[in-house]
Amino acid sequence: MPTTESADSDQLFVLTAVLLTPAQFPSVLGDDYPEVCAGLGLAPYAEGYGLVLGQDGTGARWTVATEDVSLVACAVAAWDCGMDYDLSPGEDSIVAALPGWPLALAVSAPGVPRPHDPEPSECGRAPLAPPDADGWGPAQRRLGADEIALQWASWRARIEDADVTFAEPGEERHQGVRRVLAEARGYVANPPPPGRVRSSFAAGGARTLRVDGPGWSMVARTDDLAFVLLDDEPGQVHPVGRGPELPRLLAALDALAARPA
């Protein structure tokens with residue numbers, strides 16, 4: 001778990017941290033890295049940031065953006081393994097201290113008041129707040145794609161156990177899926193903003209691809225099929241069979257994708 005500091009109102013009780021890089025960022029916040037940075041008021045610095053979420057001594061929510069990406073990556077890796085890690089970015093690495101939290105947290109620091117946004121006089125800008133993910137829309141669509149990527153085996157098993165009609169790349173069957181695949185092919189010819197296409201490790205030497213665009217998300221494995229989610233079809237997940245075209249498209253997307261360092 002994150003290590004918190006015993007602090008007065010000028011210090012931060014660290015609750016969690018996330019990476020904000022072209023290859024790794026909270027998908028709920030945007031379709032690509034520059035979009036997420038713009039929402040936070042940060043320049044899309046190529047090396048990325050670490051975001052440290054915590055409370056000050058009065059209980060106010062703050063998000064600290066640091067250029068020390070390696071420090072935050074080490075902390076996140078340690079916490080994921082159940083180890084303690086004292087995350088204290090150096091002052092010279094801090095780019096901004098932003099009021100509020102961009103992500104919803106279910107935890108709070110002990111010994112301080114309940115989480116609340118800072119007073120307007122303290123911050124000079126509207127506090128950050130998590131996107132509304134209750135109703136179907138871009139945020140919920142991206143969260144759905146995250147879940148499929150994390151639970152690939154489970155979603156793949158649903159396809160094997162059900163009578164599923166695949167949306168093949170070259171067919172007229174589903175116009176929304178055809179549009180997504182056409183836009184994804186367009187990325188190969190004209191690379192999109194950083195983070196629209198991301199590649200991560202998958203078992204068996206394959207890669208998991210996450211591809212996003214205006215109103216859609218696609219999750220795929222380079223050795224398997226793809227799943228498409230659309231803003232205008234709430235809660236629907238469309239499996240796309242490999243066929244002759246999908247493997248070539250996925251290979252081309254993987255070649256231009258952002259990858260974790």
# chains A, B, ... in the order shown; residues from 1 in each chain; ligands from 1
>>> select_by_dssp(residues="stretch 1-131 of chain A", states="helix (DSSP H, G or I)", output="number ranges by chain")
A: 27-29, 33-40, 69-80, 91-93, 120-123
>>> residues_around(residues="stretch 136-146 of chain A", least_positions_apart="4", cutoff="12 Å", atoms="only C-alpha atoms", output="MDAnalysis selection string")
chainID A and resid 24:32 36 103 130:132 150:152 155 196 198 208:220 226:238
>>> select_by_dssp(residues="stretch 40-242 of chain A", states="strand (DSSP E or B)", output="ChimeraX atom specification")
/A:49-56,60-66,85,94-100,116,128,197-201,207-213,216-221,226-230,238-240
>>> write_last_selection(atoms="C-alpha atoms", output="short mmCIF file (atom, residue, chain, number, x, y, z; two decimals), in the first residue's frame")
data_model
loop_
_atom_site.label_atom_id
_atom_site.label_comp_id
_atom_site.auth_asym_id
_atom_site.auth_seq_id
_atom_site.Cartn_x
_atom_site.Cartn_y
_atom_site.Cartn_z
CA TYR A 49 4.34 12.25 -15.96
CA GLY A 50 3.54 10.48 -12.76
CA LEU A 51 0.33 11.57 -11.03
CA VAL A 52 0.35 11.36 -7.24
CA LEU A 53 -3.07 11.58 -5.59
CA GLY A 54 -3.34 12.49 -1.93
CA GLN A 55 -4.67 14.78 0.78
CA ASP A 56 -3.06 17.65 2.61
CA ALA A 60 -8.13 18.60 0.82
CA ARG A 61 -7.70 16.58 -2.36
CA TRP A 62 -4.61 17.29 -4.46
CA THR A 63 -3.03 15.73 -7.54
CA VAL A 64 0.71 16.30 -7.93
CA ALA A 65 2.20 15.90 -11.41
CA THR A 66 5.87 14.92 -11.40
CA TYR A 85 7.04 2.22 -0.88
CA ILE A 94 7.09 18.60 -9.55
CA VAL A 95 5.40 20.22 -12.53
CA ALA A 96 2.05 21.12 -10.99
CA ALA A 97 -0.08 20.70 -7.89
CA LEU A 98 -3.64 20.41 -9.14
CA PRO A 99 -6.70 20.68 -6.86
CA GLY A 100 -9.00 17.68 -6.76
CA HIS A 116 -12.87 17.55 0.14
CA LEU A 128 -10.34 18.05 -10.96
CA VAL A 197 -2.84 2.92 -30.26
CA ARG A 198 -1.19 1.14 -27.35
CA SER A 199 0.47 -2.27 -27.17
CA SER A 200 1.11 -4.34 -24.07
CA PHE A 201 2.40 -7.81 -23.23
CA ARG A 207 0.50 -8.42 -27.81
CA THR A 208 -2.69 -6.90 -26.50
CA LEU A 209 -3.70 -3.88 -28.57
CA ARG A 210 -5.86 -1.03 -27.33
CA VAL A 211 -7.06 1.29 -30.10
CA ASP A 212 -9.37 4.25 -29.53
CA GLY A 213 -11.02 6.84 -31.71
CA TRP A 216 -15.20 3.89 -30.33
CA SER A 217 -12.70 1.56 -28.68
CA MET A 218 -11.17 -1.68 -29.92
CA VAL A 219 -9.35 -4.33 -27.89
CA ALA A 220 -7.51 -7.10 -29.70
CA ARG A 221 -4.78 -9.67 -29.40
CA ALA A 226 -10.91 -8.18 -31.66
CA PHE A 227 -13.76 -6.61 -29.68
CA VAL A 228 -15.32 -3.28 -30.60
CA LEU A 229 -17.36 -0.94 -28.37
CA LEU A 230 -19.29 2.06 -29.67
CA HIS A 238 -19.00 -6.64 -31.04
CA PRO A 239 -16.52 -9.49 -31.66
CA VAL A 240 -14.61 -9.19 -34.93
#
>>> residues_around(residues="A:Ser70", least_positions_apart="4", cutoff="10 Å", atoms="only C-alpha atoms", output="list in words")
Leu19, Tyr49, Gly50, Cys74, Ala75, Val76 and Ala261 of chain A
>>> atom_distance(atom1="atom CA of A:Trp101", atom2="atom CA of A:Ala129")
5.5 Å
>>> closest_residue(among="A:Val14, A:Gly243, A:Gly39, A:Ala255", to="A:Val72", atoms="only C-alpha atoms")
A:Val14
>>> closest_residue(among="A:Ala126, A:Leu87, A:Leu42, A:Ala149", to="A:Ala17", atoms="only C-alpha atoms")
A:Leu87
>>> closest_residue(among="A:Ala43, A:Val112, A:Ala206, A:Leu249", to="A:Arg185", atoms="only C-alpha atoms")
A:Leu249
